[in-house]
>>> print(open('coords_9.pdb').read())   # PDB, C-alpha atoms
MODEL        1
ATOM      1  CA  MET A  87      23.447  -2.881 -36.540
ATOM      2  CA  ASN A  88      26.582  -0.918 -37.319
ATOM      3  CA  LYS A  89      28.964   0.714 -34.861
ATOM      4  CA  ASP A  90      27.456   4.228 -35.177
ATOM      5  CA  GLU A  91      23.938   2.942 -34.496
ATOM      6  CA  LYS A  92      25.168   1.112 -31.402
ATOM      7  CA  LYS A  93      26.857   4.278 -30.125
ATOM      8  CA  SER A  94      23.705   6.370 -30.635
ATOM      9  CA  LEU A  95      21.592   3.756 -28.843
ATOM     10  CA  LEU A  96      24.038   3.670 -25.939
ATOM     11  CA  LYS A  97      23.896   7.470 -25.706
ATOM     12  CA  LEU A  98      20.104   7.320 -25.513
ATOM     13  CA  LEU A  99      20.255   4.706 -22.781
ATOM     14  CA  LYS A 100      22.801   6.661 -20.751
ATOM     15  CA  LYS A 101      21.107  10.024 -21.209
ATOM     16  CA  PRO A 102      19.592  11.021 -17.859
ATOM     17  CA  LYS A 103      15.908  11.830 -17.848
ATOM     18  CA  LYS A 104      14.918  15.373 -17.063
ATOM     19  CA  LEU A 105      13.078  15.737 -13.809
ATOM     20  CA  GLU A 106       9.402  16.401 -14.264
ATOM     21  CA  HIS A 107       7.793  19.244 -12.380
ATOM     22  CA  VAL A 108       7.421  18.250  -8.723
ATOM     23  CA  GLU A 109       3.993  19.044  -7.335
ATOM     24  CA  TYR A 110       4.963  20.514  -3.988
ATOM     25  CA  LYS A 111       1.330  21.018  -2.948
ATOM     26  CA  TRP A 112       0.779  17.260  -3.363
ATOM     27  CA  VAL A 113       3.921  16.507  -1.336
ATOM     28  CA  VAL A 114       2.776  18.785   1.505
ATOM     29  CA  LYS A 115      -0.723  17.262   1.430
ATOM     30  CA  ILE A 116       0.611  13.706   1.517
ATOM     31  CA  VAL A 117       3.012  14.510   4.379
ATOM     32  CA  LEU A 118       0.215  16.087   6.441
ATOM     33  CA  LEU A 119      -2.165  13.242   5.595
ATOM     34  CA  THR A 120       0.448  10.658   6.534
ATOM     35  CA  PHE A 121       1.134  12.387   9.834
ATOM     36  CA  SER A 122      -2.579  12.606  10.653
ATOM     37  CA  ILE A 123      -3.406   8.991   9.774
ATOM     38  CA  SER A 124      -0.272   7.688  11.462
ATOM     39  CA  PHE A 125      -0.945   9.722  14.605
ATOM     40  CA  PHE A 126      -4.558   8.545  14.796
ATOM     41  CA  LEU A 127      -3.761   4.870  14.189
ATOM     42  CA  SER A 128      -0.785   4.935  16.564
ATOM     43  CA  VAL A 129      -2.887   6.388  19.368
ATOM     44  CA  LEU A 130      -5.590   3.849  18.589
ATOM     45  CA  SER A 131      -3.230   0.873  18.620
ATOM     46  CA  GLU A 132      -1.312   2.087  21.684
ATOM     47  CA  THR A 133      -4.518   2.504  23.694
ATOM     48  CA  ILE A 134      -6.491  -0.502  22.449
ATOM     49  CA  ILE A 135      -3.970  -3.328  22.077
ATOM     50  CA  PRO A 136      -2.472  -3.187  25.601
ATOM     51  CA  ASN A 137      -5.996  -3.288  27.053
ATOM     52  CA  VAL A 138      -7.383  -6.258  25.107
ATOM     53  CA  ASN A 139      -6.676  -9.933  25.552
ATOM     54  CA  ILE A 140      -3.925 -11.489  23.465
ATOM     55  CA  SER A 141      -6.256 -13.194  20.975
ATOM     56  CA  SER A 142      -8.087  -9.910  20.258
ATOM     57  CA  GLY A 143      -4.736  -8.143  19.924
ATOM     58  CA  ILE A 144      -3.601 -10.765  17.413
ATOM     59  CA  ILE A 145      -6.817 -10.297  15.401
ATOM     60  CA  ILE A 146      -6.226  -6.516  15.317
ATOM     61  CA  LEU A 147      -2.596  -7.123  14.311
ATOM     62  CA  VAL A 148      -3.626  -9.474  11.485
ATOM     63  CA  LEU A 149      -6.137  -6.849  10.342
ATOM     64  CA  PHE A 150      -3.354  -4.227  10.108
ATOM     65  CA  ILE A 151      -1.180  -6.672   8.136
ATOM     66  CA  PHE A 152      -4.084  -7.499   5.789
ATOM     67  CA  VAL A 153      -4.929  -3.829   5.163
ATOM     68  CA  GLY A 154      -1.257  -3.076   4.428
ATOM     69  CA  VAL A 155      -1.006  -5.960   1.962
ATOM     70  CA  LEU A 156      -4.344  -5.075   0.338
ATOM     71  CA  PHE A 157      -3.415  -1.437  -0.238
ATOM     72  CA  ASP A 158       0.005  -2.446  -1.513
ATOM     73  CA  MET A 159      -1.786  -4.645  -4.079
ATOM     74  CA  ILE A 160      -4.051  -1.765  -5.087
ATOM     75  CA  GLY A 161      -1.092   0.585  -5.512
ATOM     76  CA  VAL A 162       0.727  -1.907  -7.751
ATOM     77  CA  ALA A 163      -2.445  -2.684  -9.724
ATOM     78  CA  VAL A 164      -3.106   1.007 -10.451
ATOM     79  CA  THR A 165       0.449   1.380 -11.744
ATOM     80  CA  ALA A 166       0.337  -1.785 -13.862
ATOM     81  CA  ALA A 167      -3.221  -1.443 -15.239
ATOM     82  CA  ASP A 168      -4.039  -0.527 -18.834
ATOM     83  CA  ILE A 169      -6.179   2.602 -19.247
ATOM     84  CA  VAL A 170      -7.666   1.609 -22.640
ATOM     85  CA  PRO A 171     -10.450  -0.704 -21.384
ATOM     86  CA  PHE A 172     -11.426   1.835 -18.731
ATOM     87  CA  ASN A 173     -11.697   4.618 -21.315
ATOM     88  CA  SER A 174     -14.002   2.351 -23.310
ATOM     89  CA  MET A 175     -16.068   1.454 -20.238
ATOM     90  CA  ASN A 176     -16.215   5.113 -19.222
ATOM     91  CA  SER A 177     -17.601   6.105 -22.638
ATOM     92  CA  ARG A 178     -20.385   3.532 -22.059
ATOM     93  CA  LYS A 179     -21.030   4.961 -18.560
ATOM     94  CA  VAL A 180     -20.095   1.759 -16.719
ATOM     95  CA  ARG A 181     -20.191   2.399 -12.971
ATOM     96  CA  GLY A 182     -16.718   2.946 -11.510
ATOM     97  CA  ALA A 183     -14.960   3.314 -14.870
ATOM     98  CA  ASP A 184     -14.646   7.082 -14.473
ATOM     99  CA  ILE A 185     -12.919   6.567 -11.116
ATOM    100  CA  ALA A 186     -10.617   3.943 -12.675
ATOM    101  CA  VAL A 187      -9.624   6.406 -15.417
ATOM    102  CA  LEU A 188      -9.003   9.109 -12.809
ATOM    103  CA  PHE A 189      -6.883   6.720 -10.721
ATOM    104  CA  LYS A 190      -4.898   5.555 -13.735
ATOM    105  CA  LYS A 191      -4.226   9.122 -14.885
ATOM    106  CA  ASN A 192      -2.961   9.864 -11.363
ATOM    107  CA  ALA A 193      -1.259   6.496 -10.857
ATOM    108  CA  ASP A 194       1.796   8.044  -9.194
ATOM    109  CA  LYS A 195      -0.335   9.744  -6.538
ATOM    110  CA  VAL A 196      -2.659   6.785  -6.015
ATOM    111  CA  SER A 197       0.288   4.408  -5.775
ATOM    112  CA  SER A 198       2.069   6.730  -3.352
ATOM    113  CA  PHE A 199      -1.022   6.942  -1.156
ATOM    114  CA  CYS A 200      -1.756   3.203  -1.223
ATOM    115  CA  ASN A 201       1.797   1.871  -0.981
ATOM    116  CA  ASP A 202       3.541   4.546   1.028
ATOM    117  CA  VAL A 203       0.884   6.130   3.180
ATOM    118  CA  VAL A 204      -1.514   3.291   4.010
ATOM    119  CA  GLY A 205       0.866   0.370   3.408
ATOM    120  CA  ASP A 206       3.805   1.785   5.343
ATOM    121  CA  ILE A 207       1.662   3.118   8.175
ATOM    122  CA  CYS A 208       0.080  -0.310   8.577
ATOM    123  CA  GLY A 209       3.575  -1.825   8.592
ATOM    124  CA  ILE A 210       4.746   0.554  11.314
ATOM    125  CA  ILE A 211       1.599   0.069  13.399
ATOM    126  CA  SER A 212       1.758  -3.727  13.039
ATOM    127  CA  GLY A 213       5.400  -3.615  14.171
ATOM    128  CA  THR A 214       4.481  -1.610  17.255
ATOM    129  CA  SER A 215       1.455  -3.814  17.917
ATOM    130  CA  SER A 216       3.530  -6.969  17.618
ATOM    131  CA  SER A 217       5.918  -5.668  20.290
ATOM    132  CA  ILE A 218       3.034  -4.936  22.658
ATOM    133  CA  ILE A 219       1.541  -8.378  22.022
ATOM    134  CA  ALA A 220       4.929 -10.038  22.538
ATOM    135  CA  ILE A 221       5.454  -8.228  25.860
ATOM    136  CA  ASN A 222       2.018  -9.410  27.036
ATOM    137  CA  LEU A 223       2.618 -12.918  25.673
ATOM    138  CA  ALA A 224       6.088 -13.415  27.178
ATOM    139  CA  PRO A 225       4.981 -14.050  30.804
ATOM    140  CA  LEU A 226       2.648 -16.800  29.549
ATOM    141  CA  THR A 227       5.519 -18.761  27.979
ATOM    142  CA  PRO A 228       8.520 -20.509  29.536
ATOM    143  CA  PHE A 229      10.842 -18.562  27.220
ATOM    144  CA  ASN A 230      12.901 -15.453  27.854
ATOM    145  CA  LYS A 231      10.994 -12.222  27.095
ATOM    146  CA  PHE A 232      13.730 -11.122  24.665
ATOM    147  CA  TYR A 233      13.307 -14.245  22.517
ATOM    148  CA  VAL A 234       9.517 -14.018  22.522
ATOM    149  CA  ILE A 235       9.662 -10.402  21.316
ATOM    150  CA  ILE A 236      12.204 -11.268  18.603
ATOM    151  CA  PHE A 237      10.136 -14.266  17.454
ATOM    152  CA  VAL A 238       6.822 -12.382  17.324
ATOM    153  CA  THR A 239       8.202  -9.283  15.554
ATOM    154  CA  SER A 240      10.137 -11.453  13.075
ATOM    155  CA  THR A 241       6.999 -13.475  12.344
ATOM    156  CA  VAL A 242       4.997 -10.295  11.728
ATOM    157  CA  ALA A 243       7.716  -8.915   9.433
ATOM    158  CA  ALA A 244       7.824 -12.204   7.500
ATOM    159  CA  LEU A 245       4.024 -12.300   7.142
ATOM    160  CA  THR A 246       3.938  -8.686   5.974
ATOM    161  CA  ILE A 247       6.736  -9.050   3.434
ATOM    162  CA  GLY A 248       5.514 -12.464   2.260
ATOM    163  CA  GLY A 249       1.969 -11.135   1.930
ATOM    164  CA  LYS A 250       3.160  -8.138  -0.067
ATOM    165  CA  ALA A 251       5.268 -10.361  -2.332
ATOM    166  CA  ILE A 252       2.260 -12.574  -3.097
ATOM    167  CA  GLY A 253       0.038  -9.490  -3.409
ATOM    168  CA  LYS A 254       2.357  -7.804  -5.913
ATOM    169  CA  SER A 255       2.320 -10.895  -8.126
ATOM    170  CA  ILE A 256      -1.477 -11.083  -7.967
ATOM    171  CA  ALA A 257      -1.757  -7.322  -8.620
ATOM    172  CA  ILE A 258       0.470  -7.398 -11.698
ATOM    173  CA  ASN A 259      -1.354 -10.388 -13.188
ATOM    174  CA  ASN A 260      -4.845  -9.032 -12.383
ATOM    175  CA  SER A 261      -4.222  -5.282 -12.441
ATOM    176  CA  ASN A 262      -7.280  -4.281 -14.484
ATOM    177  CA  THR A 263      -9.653  -6.391 -12.399
ATOM    178  CA  ILE A 264      -8.253  -5.102  -9.099
ATOM    179  CA  LEU A 265      -8.345  -1.480 -10.277
ATOM    180  CA  TYR A 266     -11.922  -1.875 -11.502
ATOM    181  CA  ASP A 267     -13.120  -3.571  -8.295
ATOM    182  CA  PHE A 268     -11.442  -0.900  -6.161
ATOM    183  CA  SER A 269     -12.919   1.847  -8.371
ATOM    184  CA  LYS A 270     -16.426   0.393  -8.008
ATOM    185  CA  VAL A 271     -16.082   0.487  -4.214
ATOM    186  CA  VAL A 272     -14.743   4.056  -4.264
ATOM    187  CA  SER A 273     -17.535   5.135  -6.659
ATOM    188  CA  LYS A 274     -20.089   4.378  -3.924
ATOM    189  CA  PHE A 275     -18.534   7.091  -1.753
ATOM    190  CA  TYR A 276     -17.085   9.527  -4.288
ATOM    191  CA  LYS A 277     -18.563  11.017  -7.435
ATOM    192  CA  ILE A 278     -16.498  12.876 -10.024
ATOM    193  CA  LYS A 279     -17.782  16.378 -10.632
ATOM    194  CA  LYS A 280     -18.649  16.771 -14.309
TER
ENDMDL
END
>>> encode(input="coords_9.pdb", output="structure tokens")
Amino acid sequence: MNKDEKKSLLKLLKKPKKLEHVEYKWVVKIVLLTFSISFFLSVLSETIIPNVNISSGIIILVLFIFVGVLFDMIGVAVTAADIVPFNSMNSRKVRGADIAVLFKKNADKVSSFCNDVVGDICGIISGTSSSIIAINLAPLTPFNKFYVIIFVTSTVAALTIGGKAIGKSIAINNSNTILYDFSKVVSKFYKIKK
């Protein structure tokens, strides 16, 4: 490669991408949806977790962590999946393939919903829940309340981040399978209007 070719390649690499059209309606919808889901789940966790025993609270907390990790996996899988096999399956009318194609064509929105809306809300709720559990757990231990709260919230953060790290790896390596399985589940509740 000569000097002029290198310069032209460097210019292409440095050239900033033009911003695509931002869909403001989608942004408003996602903000309102996030607020609504977050409000509902926060009220639910704030009213249920303080009133259940510690083991039930831990089960609810683990459920929030699992849902957050699962939806993070789905969001990554939709982004990483290949649309070609789903187009082929859709032409043969395989159940769920039409949903998979729709998700893949709207990967940015699906990923935003799964990763940012559901995943982040579950992370916030699990953080709040872990504090409530730690406050209820502290009197049952010989340790200072401060240290119990720090230990429990740190453990929850580690489980969430570790789970998402494992989930991302699984999602990238099995993106088509995860997208198809998720699409089959969604197809039971949602039909695309032809």
>>> residues_around(input="coords_9.pdb", residues="Asp158 in chain A", least_positions_apart="3", cutoff="12 Å", atoms="all atoms listed in the file", output="MDAnalysis selection string")
chainID A and resid 151:155 161:165 196:209 246:247 249:258 264
>>> write_last_selection(input="coords_9.pdb", atoms="C-alpha atoms", output="tab-separated table (two decimals), in the frame of the given file")
chain	number	residue	atom	x	y	z
A	151	ILE	CA	-1.18	-6.67	8.14
A	152	PHE	CA	-4.08	-7.50	5.79
A	153	VAL	CA	-4.93	-3.83	5.16
A	154	GLY	CA	-1.26	-3.08	4.43
A	155	VAL	CA	-1.01	-5.96	1.96
A	161	GLY	CA	-1.09	0.58	-5.51
A	162	VAL	CA	0.73	-1.91	-7.75
A	163	ALA	CA	-2.44	-2.68	-9.72
A	164	VAL	CA	-3.11	1.01	-10.45
A	165	THR	CA	0.45	1.38	-11.74
A	196	VAL	CA	-2.66	6.78	-6.02
A	197	SER	CA	0.29	4.41	-5.78
A	198	SER	CA	2.07	6.73	-3.35
A	199	PHE	CA	-1.02	6.94	-1.16
A	200	CYS	CA	-1.76	3.20	-1.22
A	201	ASN	CA	1.80	1.87	-0.98
A	202	ASP	CA	3.54	4.55	1.03
A	203	VAL	CA	0.88	6.13	3.18
A	204	VAL	CA	-1.51	3.29	4.01
A	205	GLY	CA	0.87	0.37	3.41
A	206	ASP	CA	3.80	1.78	5.34
A	207	ILE	CA	1.66	3.12	8.18
A	208	CYS	CA	0.08	-0.31	8.58
A	209	GLY	CA	3.58	-1.82	8.59
A	246	THR	CA	3.94	-8.69	5.97
A	247	ILE	CA	6.74	-9.05	3.43
A	249	GLY	CA	1.97	-11.14	1.93
A	250	LYS	CA	3.16	-8.14	-0.07
A	251	ALA	CA	5.27	-10.36	-2.33
A	252	ILE	CA	2.26	-12.57	-3.10
A	253	GLY	CA	0.04	-9.49	-3.41
A	254	LYS	CA	2.36	-7.80	-5.91
A	255	SER	CA	2.32	-10.90	-8.13
A	256	ILE	CA	-1.48	-11.08	-7.97
A	257	ALA	CA	-1.76	-7.32	-8.62
A	258	ILE	CA	0.47	-7.40	-11.70
A	264	ILE	CA	-8.25	-5.10	-9.10
>>> atom_distance(input="coords_9.pdb", atom1="CA of Ala183 in chain A", atom2="CA of Phe268 in chain A")
10.3 Å
>>> closest_atom_pairs(input="coords_9.pdb", of="range 126-149 of chain A", to="range 223-235 of chain A", cutoff="12 Å", atoms="only C-alpha atoms", output="CSV")
residue,atom,partner,partner_atom,distance
A:Pro136,CA,A:Leu223,CA,11.0
A:Asn139,CA,A:Leu223,CA,9.8
A:Ile140,CA,A:Leu223,CA,7.1
A:Ser141,CA,A:Leu223,CA,10.0
A:Gly143,CA,A:Leu223,CA,10.5
A:Ile144,CA,A:Leu223,CA,10.6
>>> closest_residue(input="coords_9.pdb", among="A:Lys195, A:Phe275, A:Leu147, A:Asn222", to="Val113 in chain A", atoms="only C-alpha atoms")
A:Lys195
>>> atom_distance(input="coords_9.pdb", atom1="CA of Ala186 in chain A", atom2="CA of Tyr266 in chain A")
6.1 Å
>>> residues_near_point(input="coords_9.pdb", point="(-6.5, -1.0, -22.4)", cutoff="12 Å", atoms="only C-alpha atoms", output="list of chain:residue names")
A:Ala166, A:Ala167, A:Asp168, A:Ile169, A:Val170, A:Pro171, A:Phe172, A:Asn173, A:Ser174, A:Met175, A:Asn176, A:Ala186, A:Val187, A:Lys190, A:Ser261, A:Asn262, A:Thr263
>>> atom_distance(input="coords_9.pdb", atom1="CA of Asp184 in chain A", atom2="CA of Tyr276 in chain A")
10.8 Å
>>> closest_residue(input="coords_9.pdb", among="A:Ile218, A:Leu188, A:Ala243, A:Ala193", to="Glu132 in chain A", atoms="only C-alpha atoms")
A:Ile218
>>> closest_residue(input="coords_9.pdb", among="A:Ile135, A:Asp267, A:Phe150, A:Asp90", to="Ala220 in chain A", atoms="all atoms listed in the file")
A:Ile135
>>> residues_around(input="coords_9.pdb", residues="Ser273 in chain A", least_positions_apart="5", cutoff="8 Å", atoms="all atoms listed in the file", output="ChimeraX atom specification")
/A:181-182,185
>>> axis_aligned_box(input="coords_9.pdb", around="range 225-242 of chain A", padding_each_side="6 Å", output="JSON")
{"center_x": 8.2, "center_y": -14.9, "center_z": 21.3, "size_x": 23.1, "size_y": 23.2, "size_z": 31.1}
>>> closest_residue(input="coords_9.pdb", among="A:Ile146, A:Ala244, A:Val117, A:Ile221", to="Ile134 in chain A", atoms="only C-alpha atoms")
A:Ile146
>>> closest_residue(input="coords_9.pdb", among="A:Phe121, A:Leu130, A:Val242, A:Asp194", to="Glu109 in chain A", atoms="only C-alpha atoms")
A:Asp194
>>> build_atoms(input="coords_9.pdb", residues="range 244-275 of chain A", atoms="N, CA and C atoms", output="short mmCIF file (atom, residue, chain, number, x, y, z; two decimals), keeping the file's coordinate frame")
data_model
loop_
_atom_site.label_atom_id
_atom_site.label_comp_id
_atom_site.auth_asym_id
_atom_site.auth_seq_id
_atom_site.Cartn_x
_atom_site.Cartn_y
_atom_site.Cartn_z
N ALA A 244 7.86 -11.18 8.55
CA ALA A 244 7.82 -12.20 7.50
C ALA A 244 6.44 -12.30 6.86
N LEU A 245 5.39 -12.25 7.68
CA LEU A 245 4.02 -12.30 7.14
C LEU A 245 3.72 -11.07 6.28
N THR A 246 4.18 -9.92 6.73
CA THR A 246 3.94 -8.69 5.97
C THR A 246 4.67 -8.72 4.64
N ILE A 247 5.95 -9.04 4.67
CA ILE A 247 6.74 -9.05 3.43
C ILE A 247 6.29 -10.17 2.51
N GLY A 248 6.01 -11.36 3.07
CA GLY A 248 5.51 -12.46 2.26
C GLY A 248 4.17 -12.15 1.64
N GLY A 249 3.28 -11.53 2.44
CA GLY A 249 1.97 -11.14 1.93
C GLY A 249 2.08 -10.12 0.81
N LYS A 250 2.98 -9.14 0.97
CA LYS A 250 3.16 -8.14 -0.07
C LYS A 250 3.78 -8.74 -1.33
N ALA A 251 4.66 -9.71 -1.16
CA ALA A 251 5.27 -10.36 -2.33
C ALA A 251 4.21 -11.12 -3.12
N ILE A 252 3.36 -11.86 -2.43
CA ILE A 252 2.26 -12.57 -3.10
C ILE A 252 1.29 -11.57 -3.71
N GLY A 253 0.97 -10.52 -2.95
CA GLY A 253 0.04 -9.49 -3.41
C GLY A 253 0.52 -8.78 -4.66
N LYS A 254 1.81 -8.48 -4.73
CA LYS A 254 2.36 -7.80 -5.91
C LYS A 254 2.19 -8.68 -7.15
N SER A 255 2.46 -9.97 -7.00
CA SER A 255 2.32 -10.90 -8.13
C SER A 255 0.86 -10.95 -8.59
N ILE A 256 -0.05 -11.06 -7.64
CA ILE A 256 -1.48 -11.08 -7.97
C ILE A 256 -1.88 -9.77 -8.63
N ALA A 257 -1.39 -8.64 -8.09
CA ALA A 257 -1.76 -7.32 -8.62
C ALA A 257 -1.27 -7.12 -10.04
N ILE A 258 -0.06 -7.56 -10.34
CA ILE A 258 0.47 -7.40 -11.70
C ILE A 258 -0.31 -8.26 -12.69
N ASN A 259 -0.65 -9.47 -12.28
CA ASN A 259 -1.35 -10.39 -13.19
C ASN A 259 -2.85 -10.09 -13.31
N ASN A 260 -3.40 -9.34 -12.37
CA ASN A 260 -4.84 -9.03 -12.38
C ASN A 260 -5.08 -7.54 -12.18
N SER A 261 -4.19 -6.72 -12.73
CA SER A 261 -4.22 -5.28 -12.44
C SER A 261 -5.53 -4.62 -12.85
N ASN A 262 -6.04 -4.93 -14.03
CA ASN A 262 -7.28 -4.28 -14.48
C ASN A 262 -8.47 -4.66 -13.61
N THR A 263 -8.54 -5.92 -13.24
CA THR A 263 -9.65 -6.39 -12.40
C THR A 263 -9.60 -5.74 -11.03
N ILE A 264 -8.40 -5.70 -10.43
CA ILE A 264 -8.25 -5.10 -9.10
C ILE A 264 -8.58 -3.61 -9.14
N LEU A 265 -8.06 -2.91 -10.15
CA LEU A 265 -8.35 -1.48 -10.28
C LEU A 265 -9.84 -1.25 -10.45
N TYR A 266 -10.49 -2.06 -11.28
CA TYR A 266 -11.92 -1.88 -11.50
C TYR A 266 -12.72 -2.16 -10.23
N ASP A 267 -12.40 -3.25 -9.53
CA ASP A 267 -13.12 -3.57 -8.30
C ASP A 267 -12.94 -2.47 -7.25
N PHE A 268 -11.72 -1.99 -7.11
CA PHE A 268 -11.44 -0.90 -6.16
C PHE A 268 -12.20 0.37 -6.57
N SER A 269 -12.22 0.66 -7.87
CA SER A 269 -12.92 1.85 -8.37
C SER A 269 -14.42 1.76 -8.13
N LYS A 270 -15.00 0.56 -8.27
CA LYS A 270 -16.43 0.39 -8.01
C LYS A 270 -16.74 0.68 -6.54
N VAL A 271 -15.87 0.22 -5.65
CA VAL A 271 -16.08 0.49 -4.21
C VAL A 271 -15.98 1.98 -3.95
N VAL A 272 -14.94 2.62 -4.48
CA VAL A 272 -14.74 4.06 -4.26
C VAL A 272 -15.90 4.85 -4.86
N SER A 273 -16.45 4.40 -5.99
CA SER A 273 -17.54 5.14 -6.66
C SER A 273 -18.80 5.20 -5.81
N LYS A 274 -18.93 4.32 -4.82
CA LYS A 274 -20.09 4.38 -3.92
C LYS A 274 -19.99 5.55 -2.96
N PHE A 275 -18.76 6.02 -2.72
CA PHE A 275 -18.53 7.09 -1.75
C PHE A 275 -18.10 8.41 -2.39
#
